[in-house]
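Let me begin by presenting the structure, written as structure tokens, before commenting on it.
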Amino acid sequence: GGPTDPTDGGTQPFTFDDRTAELTLSGSNSAYIQIPFNNVDDDKAKAIEFRVSSNTPKESSLIKMMDVLGVETEWEFKVSQTTGSFADLNLYVSSSSELHSASIDNVRFFDGEHKQILINKSEDGSNDTFNVYLRDSINGRIRTEKASETLTIANSNWTGSGLGIGTSLRVGTSFSGSLDEFRLWKTPLETGVLDIHTLQPDSIAGNNYTASSEDLVLRFDFENPFDLGTESTISNHAISTEYNVDGTAVGFSSIETYPYHFRSYERTITIYC
């Protein structure tokens with residue numbers, strides 16, 4: 001209520017408390033979320049977006065794409081401590097002849113604060129281009145805004161070697177921390193949308209007004225804790241049914257008491273309207 005200052009740009013902050021949950025990962029090499037990396041519109045997802053936090057410095061594989069036999073890694077996204085709470089984030093993508101990387105160097109990561117991370121893949125003629133972005137926020141404002149240099153590769157193995165049929169993603173292998181959201185989009189995500197998701201973690205807004213129901217093909221929100229040792233299915237909560245796959249929790253021992261393998265917590269959200 002009350003008058004609005006005409007010089008403040010016309011937006012006002014609205015702050016509210018929100019109760020949510022996130023998946024906790026112990027750092028085990030044998031416990032992870034597995035997701036079929038299927039085609040959408042005759043191609044793989046063009047954007048992978050996720051929200052993580054950790055205060056346990058170690059080298060970890062956040063995402064790796066496995067071949068049909070689950071043996072060879074076609075590409076991988078890793079975090080490696082540099083010093084203290086700082087880390088390098090590296091996307092490694094192979095081609096027919098060598099291994100390539102796109103990196104965000106020496107960014108604050110192991111501080112227990114949530115990081116919103118985006119991997120975009122697009123095409124430039126016969127080449128594949130990759131960009132990695134990181135955001136975090138404080139008091140309703142973007143605090144950290146980092147991006148890798150653009151990586152351009154001819155004949156990358158993003159879709160998998162051969163036909164890429166039967167490939168899968170492994171999420172959280174050896175990572176010690178929390179996973180709050182995981183999403184696959186069938187189009188590269190604009191960085192302005194990444195900013196919105198950093199400030200409003202439950203937002204599923206996309207590049208346009210239909211993106212939340214058409215471009216977002218897989219979403220894990222981890223809002224409903226359960227025992228992953230006895231029920232392994234991680235349900236896909238995307239509005240679109242085009243992808244039509246769920247995830248599988250692999251290697252989690254049973255925990256019989258709430259919140260099981262999850263952490264339930266309160267957070268404060270600030271939006272500007």
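In the structure tokens, chains take letters A, B, ... by order of appearance, with residues numbered from 1 within each chain and ligands from 1 in the order shown.
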*Near-stretch 143-157 of chain A list (6 Å; only C-alpha atoms; drop same-chain fewer than 6 positions) as a count of residues only*: 17
*Would you mind listing what lies within 6 Å of stretch 216-227 of chain A as a PyMOL selection string, with only C-alpha atoms counted and same-chain residues fewer than 5 positions away left out?*
chain A and resi 21-22+181-185+236-238+240+243+255+259-260+262
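With only C-alpha atoms as the atoms that count, the minimum distance from A:Ala31 to the choices A:Leu62, A:Ser97, A:Tyr265, A:Glu72 is reached by A:Leu62.
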Among stretch 151-239 of chain A, which ones does DSSP assign to strand (DSSP E or B) (computed from the backbone)? Answer as an mmCIF file with N, CA and C atoms, in the first residue's frame.
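The resulting file, selection_6.cif, is shown below:
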```
data_model
loop_
_atom_site.group_PDB
_atom_site.id
_atom_site.type_symbol
_atom_site.label_atom_id
_atom_site.label_comp_id
_atom_site.auth_asym_id
_atom_site.auth_seq_id
_atom_site.Cartn_x
_atom_site.Cartn_y
_atom_site.Cartn_z
ATOM 1 N N LEU A 151 32.643 -22.688 -26.147
ATOM 2 C CA LEU A 151 33.388 -23.826 -26.670
ATOM 3 C C LEU A 151 32.733 -24.289 -27.962
ATOM 4 N N THR A 152 33.508 -24.370 -29.037
ATOM 5 C CA THR A 152 32.990 -24.804 -30.338
ATOM 6 C C THR A 152 33.707 -26.078 -30.763
ATOM 7 N N ILE A 153 32.915 -27.106 -31.109
ATOM 8 C CA ILE A 153 33.463 -28.413 -31.448
ATOM 9 C C ILE A 153 32.780 -28.934 -32.714
ATOM 10 N N ALA A 154 33.566 -29.470 -33.603
ATOM 11 C CA ALA A 154 33.019 -30.205 -34.741
ATOM 12 C C ALA A 154 32.848 -31.670 -34.346
ATOM 13 N N SER A 156 30.914 -33.254 -31.995
ATOM 14 C CA SER A 156 31.001 -33.561 -30.567
ATOM 15 C C SER A 156 30.188 -34.810 -30.236
ATOM 16 N N SER A 168 22.565 -42.401 -21.132
ATOM 17 C CA SER A 168 21.936 -41.951 -19.890
ATOM 18 C C SER A 168 22.803 -40.918 -19.198
ATOM 19 N N LEU A 169 22.161 -40.110 -18.361
ATOM 20 C CA LEU A 169 22.861 -39.150 -17.516
ATOM 21 C C LEU A 169 22.972 -39.721 -16.112
ATOM 22 N N ARG A 170 24.134 -39.550 -15.493
ATOM 23 C CA ARG A 170 24.309 -39.849 -14.077
ATOM 24 C C ARG A 170 24.557 -38.531 -13.357
ATOM 25 N N VAL A 171 23.716 -38.242 -12.381
ATOM 26 C CA VAL A 171 23.758 -36.956 -11.693
ATOM 27 C C VAL A 171 24.176 -37.164 -10.244
ATOM 28 N N SER A 176 29.208 -34.336 -2.758
ATOM 29 C CA SER A 176 28.736 -34.228 -1.379
ATOM 30 C C SER A 176 28.067 -32.868 -1.197
ATOM 31 N N GLY A 177 26.747 -32.871 -1.085
ATOM 32 C CA GLY A 177 26.008 -31.615 -0.976
ATOM 33 C C GLY A 177 24.544 -31.851 -1.255
ATOM 34 N N SER A 178 23.868 -30.845 -1.777
ATOM 35 C CA SER A 178 22.429 -30.950 -2.030
ATOM 36 C C SER A 178 22.119 -30.623 -3.483
ATOM 37 N N LEU A 179 21.035 -31.229 -3.956
ATOM 38 C CA LEU A 179 20.505 -30.977 -5.303
ATOM 39 C C LEU A 179 19.061 -30.541 -5.136
ATOM 40 N N ASP A 180 18.778 -29.288 -5.519
ATOM 41 C CA ASP A 180 17.468 -28.702 -5.240
ATOM 42 C C ASP A 180 16.537 -28.755 -6.444
ATOM 43 N N GLU A 181 17.066 -28.600 -7.637
ATOM 44 C CA GLU A 181 16.281 -28.666 -8.868
ATOM 45 C C GLU A 181 17.164 -29.272 -9.950
ATOM 46 N N PHE A 182 16.543 -30.014 -10.876
ATOM 47 C CA PHE A 182 17.246 -30.511 -12.053
ATOM 48 C C PHE A 182 16.274 -30.471 -13.215
ATOM 49 N N ARG A 183 16.705 -29.848 -14.328
ATOM 50 C CA ARG A 183 15.803 -29.630 -15.455
ATOM 51 C C ARG A 183 16.501 -29.873 -16.789
ATOM 52 N N LEU A 184 15.753 -30.391 -17.744
ATOM 53 C CA LEU A 184 16.181 -30.475 -19.135
ATOM 54 C C LEU A 184 15.240 -29.631 -19.981
ATOM 55 N N TRP A 185 15.813 -28.791 -20.827
ATOM 56 C CA TRP A 185 15.061 -27.957 -21.759
ATOM 57 C C TRP A 185 15.439 -28.351 -23.179
ATOM 58 N N LEU A 216 10.309 -27.111 -21.458
ATOM 59 C CA LEU A 216 10.779 -27.801 -20.252
ATOM 60 C C LEU A 216 10.246 -29.235 -20.292
ATOM 61 N N VAL A 217 11.149 -30.188 -20.586
ATOM 62 C CA VAL A 217 10.685 -31.556 -20.811
ATOM 63 C C VAL A 217 10.970 -32.490 -19.637
ATOM 64 N N LEU A 218 11.845 -32.072 -18.721
ATOM 65 C CA LEU A 218 12.080 -32.874 -17.518
ATOM 66 C C LEU A 218 12.371 -31.949 -16.356
ATOM 67 N N ARG A 219 11.711 -32.213 -15.226
ATOM 68 C CA ARG A 219 11.949 -31.430 -14.015
ATOM 69 C C ARG A 219 11.850 -32.328 -12.789
ATOM 70 N N PHE A 220 12.917 -32.334 -11.995
ATOM 71 C CA PHE A 220 12.891 -32.926 -10.664
ATOM 72 C C PHE A 220 12.924 -31.776 -9.660
ATOM 73 N N THR A 233 12.114 -44.504 -7.883
ATOM 74 C CA THR A 233 11.678 -43.649 -8.990
ATOM 75 C C THR A 233 11.654 -42.177 -8.579
ATOM 76 N N ILE A 234 12.345 -41.344 -9.332
ATOM 77 C CA ILE A 234 12.286 -39.888 -9.181
ATOM 78 C C ILE A 234 11.351 -39.369 -10.269
#
```
Sort by chain and increasing residue number a table of all residues of stretch 185-267 of chain A within 7 Å of stretch 33-49 of chain A, each with its closest pair of atoms and their distance in Å to one decimal, counting only C-alpha atoms, and write it as CSV.
```
residue,atom,partner,partner_atom,distance
A:Trp185,CA,A:Ala47,CA,5.0
A:Lys186,CA,A:Ala45,CA,4.6
A:Thr187,CA,A:Lys46,CA,4.9
A:Pro188,CA,A:Ala47,CA,4.9
A:Leu189,CA,A:Ala47,CA,6.2
A:Tyr243,CA,A:Val40,CA,6.6
A:Asp246,CA,A:Ile35,CA,6.8
A:Gly247,CA,A:Ile35,CA,4.7
A:Thr248,CA,A:Gln34,CA,5.1
A:Ala249,CA,A:Ile33,CA,4.7
A:Val250,CA,A:Ile33,CA,6.0
```
Contacts of stretch 87-118 of chain A with stretch 199-210 of chain A up to 12 Å, shortest pair per row, only C-alpha atoms, as a Markdown table:
```
| residue | atom | partner | partner_atom | distance |
| --- | --- | --- | --- | --- |
| A:His114 | CA | A:Pro201 | CA | 9.9 |
| A:Lys115 | CA | A:Pro201 | CA | 10.5 |
| A:Gln116 | CA | A:Pro201 | CA | 8.7 |
| A:Ile117 | CA | A:Pro201 | CA | 11.8 |
```
Taking N, CA, C and O atoms for each residue, export the selection above as a PDB file, in the first residue's frame.
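Saved as again_39.pdb:
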```pdb
ATOM      1  N   HIS A 114      23.382 -21.824  -2.352  1.00  0.00           N
ATOM      2  CA  HIS A 114      22.881 -22.450  -3.573  1.00  0.00           C
ATOM      3  C   HIS A 114      23.436 -21.758  -4.823  1.00  0.00           C
ATOM      4  O   HIS A 114      23.465 -20.524  -4.900  1.00  0.00           O
ATOM      5  N   LYS A 115      23.851 -22.576  -5.780  1.00  0.00           N
ATOM      6  CA  LYS A 115      24.346 -22.103  -7.070  1.00  0.00           C
ATOM      7  C   LYS A 115      23.400 -22.596  -8.166  1.00  0.00           C
ATOM      8  O   LYS A 115      23.072 -23.779  -8.217  1.00  0.00           O
ATOM      9  N   GLN A 116      22.977 -21.697  -9.024  1.00  0.00           N
ATOM     10  CA  GLN A 116      22.154 -22.050 -10.177  1.00  0.00           C
ATOM     11  C   GLN A 116      23.093 -22.189 -11.371  1.00  0.00           C
ATOM     12  O   GLN A 116      23.816 -21.239 -11.724  1.00  0.00           O
ATOM     13  N   ILE A 117      23.124 -23.364 -11.982  1.00  0.00           N
ATOM     14  CA  ILE A 117      24.078 -23.655 -13.048  1.00  0.00           C
ATOM     15  C   ILE A 117      23.316 -24.033 -14.317  1.00  0.00           C
ATOM     16  O   ILE A 117      22.328 -24.756 -14.262  1.00  0.00           O
TER      17      ILE A 117
END
```
_Distance in Å - atom CA of A:Arg19 versus atom CA of A:Ile196_ =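 Interatomic distance, atom CA of A:Arg19 to atom CA of A:Ile196: 18.7 Å.
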Which of stretch 14-202 of chain A DSSP labels alpha helix (DSSP H), written as a short mmCIF file (atom, residue, chain, number, x, y, z; two decimals) with C-alpha atoms, in the first residue's frame:
```
data_model
loop_
_atom_site.label_atom_id
_atom_site.label_comp_id
_atom_site.auth_asym_id
_atom_site.auth_seq_id
_atom_site.Cartn_x
_atom_site.Cartn_y
_atom_site.Cartn_z
CA THR A 191 20.57 -15.94 -19.27
CA GLY A 192 17.83 -13.53 -18.19
CA VAL A 193 15.67 -16.58 -17.46
CA LEU A 194 18.54 -18.07 -15.46
CA ASP A 195 18.55 -14.91 -13.35
CA ILE A 196 14.83 -15.34 -12.65
CA HIS A 197 15.33 -18.96 -11.58
CA THR A 198 18.22 -17.94 -9.31
CA LEU A 199 16.00 -15.50 -7.45
#
```
